[in-house]
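Here is the structure we will look at, set down as structure tokens.
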Amino acid sequence: MEKLTISNNVRKLRFQHNEMTQQQLAEQAGVTRQTIVAIEQGKYTPSLELAFRLAVIFNVPLEEVFFLNKPPP
């Protein structure tokens, strides 16, 4: 089975929400700024709870925040 990678639109969504800073998002989500940095860089996959928390903060479906990169067939 090929490995699936998870990508995200967190950075794009922050800018679409009044150019929210990483620190502001971290405070609303209850995590550190470093966690937001790692998520945006694809170095950290958040828990399901945090993923939903971010979707709620941005008021979008989870699939608009995180999505699978499927390898080509």
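Labeling convention for the structure tokens: chains A, B, ... as they appear, residues from 1 per chain, ligands from 1 in order of appearance.
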
Counting only C-alpha atoms, what is within 10 Å of Glu64 of chain A, bar same-chain residues fewer than 6 positions away, as a tab-separated table (two decimals) with N, CA and C atoms, in the first residue's frame?
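Saved result, out35.tsv, follows:
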```tsv
chain	number	residue	atom	x	y	z
A	8	ASN	N	-2.32	20.66	3.91
A	8	ASN	CA	-3.29	21.55	4.54
A	8	ASN	C	-3.29	22.93	3.91
A	9	ASN	N	-4.36	23.65	4.20
A	9	ASN	CA	-4.53	25.03	3.74
A	9	ASN	C	-4.51	26.00	4.91
A	10	VAL	N	-3.86	25.65	6.00
A	10	VAL	CA	-3.90	26.49	7.19
A	10	VAL	C	-3.36	27.89	6.91
A	13	LEU	N	-5.82	29.84	4.80
A	13	LEU	CA	-7.01	30.19	5.58
A	13	LEU	C	-6.73	31.30	6.59
A	55	ALA	N	-10.86	23.66	11.89
A	55	ALA	CA	-11.96	23.83	10.95
A	55	ALA	C	-13.06	24.72	11.54
A	58	PHE	N	-11.95	28.38	11.53
A	58	PHE	CA	-12.05	28.97	10.20
A	58	PHE	C	-13.47	28.90	9.63
```

Problem - Neighbour list for Gln28 of chain A as a list in words, cut-off 9 Å, only C-alpha atoms, skip fewer than 4 positions in-chain - result: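 What passes the distance filter is Gln23, Gln24, Arg53, Leu54 and Ile57 of chain A.
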
Problem - Spatial neighbours of Lys12 of chain A, max dist 12 Å, only C-alpha atoms, sep filter under 5 positions, as an MDAnalysis selection string - result: chainID A and resid 17:22 40 58 64:66

Exercise for the section: Apply DSSP to the backbone of this structure and, from chain A, keep only the residues in strand (DSSP E); write these as a list in words. Expected result: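 Those in chain A that DSSP calls strand (DSSP E) are Thr5, Ile6, Ser7, Asn8, Phe66, Phe67, Leu68 and Asn69 of chain A.
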
Practice task
Work out how far atom CA of Leu4 of chain A is from atom CA of Val56 of chain A, in Å to one decimal.
Solution key: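 Straight-line distance from atom CA of Val56 of chain A to atom CA of Leu4 of chain A works out to 24.5 Å.
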
Practice task
Mind checking which residues fall within 12 Å of Tyr44 of chain A, counting only C-alpha atoms, ignoring those fewer than 5 positions away in the same chain, and posting them as a list in words?
Solution key: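 Skipping anything fewer than 5 positions along the chain leaves Thr5, Ile6, Ser7, Asn8, Gln34, Thr35, Ile36, Val37, Ala38, Ile39, Leu50 and Ala51 of chain A.
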
Residue subset to file, keeping C-alpha atoms, as a PDB file, in the first residue's frame:
```pdb
ATOM      1  CA  THR A   5       0.371  12.281   2.690  1.00  0.00           C
ATOM      2  CA  ILE A   6      -1.802  14.882   4.346  1.00  0.00           C
ATOM      3  CA  SER A   7      -1.533  18.489   3.214  1.00  0.00           C
ATOM      4  CA  ASN A   8      -3.288  21.546   4.543  1.00  0.00           C
ATOM      5  CA  GLN A  34       5.361  26.274  17.070  1.00  0.00           C
ATOM      6  CA  THR A  35       2.600  23.692  16.587  1.00  0.00           C
ATOM      7  CA  ILE A  36       0.921  25.912  13.988  1.00  0.00           C
ATOM      8  CA  VAL A  37       4.274  26.427  12.238  1.00  0.00           C
ATOM      9  CA  ALA A  38       4.878  22.663  12.120  1.00  0.00           C
ATOM     10  CA  ILE A  39       1.362  21.995  10.788  1.00  0.00           C
ATOM     11  CA  LEU A  50      -7.163  19.728  16.786  1.00  0.00           C
ATOM     12  CA  ALA A  51      -7.977  19.316  13.100  1.00  0.00           C
TER      13      ALA A  51
END
```

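Comparing the minimum interatomic distances between Lys3 of chain A and each of A:Arg33, A:Lys70, A:Ala26, A:Lys43, counting only C-alpha atoms, we find that A:Lys70 sits nearest.
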
Handout entry: From A:Pro61, A:Arg11, A:Glu49, A:Leu68, residue lying nearest Gly30 of chain A [only C-alpha atoms]
Key =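 Distance minimum relative to Gly30 of chain A lands on A:Glu49.
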
Handout entry: DSSP-assigned alpha helix (DSSP H) members of chain A, reported as number ranges by chain
Key = A: 10-16, 22-29, 33-40, 48-58, 62-65

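The interatomic distance for the pair atom CA of Ala29 of chain A and atom CA of Gln16 of chain A works out to 16.9 Å.
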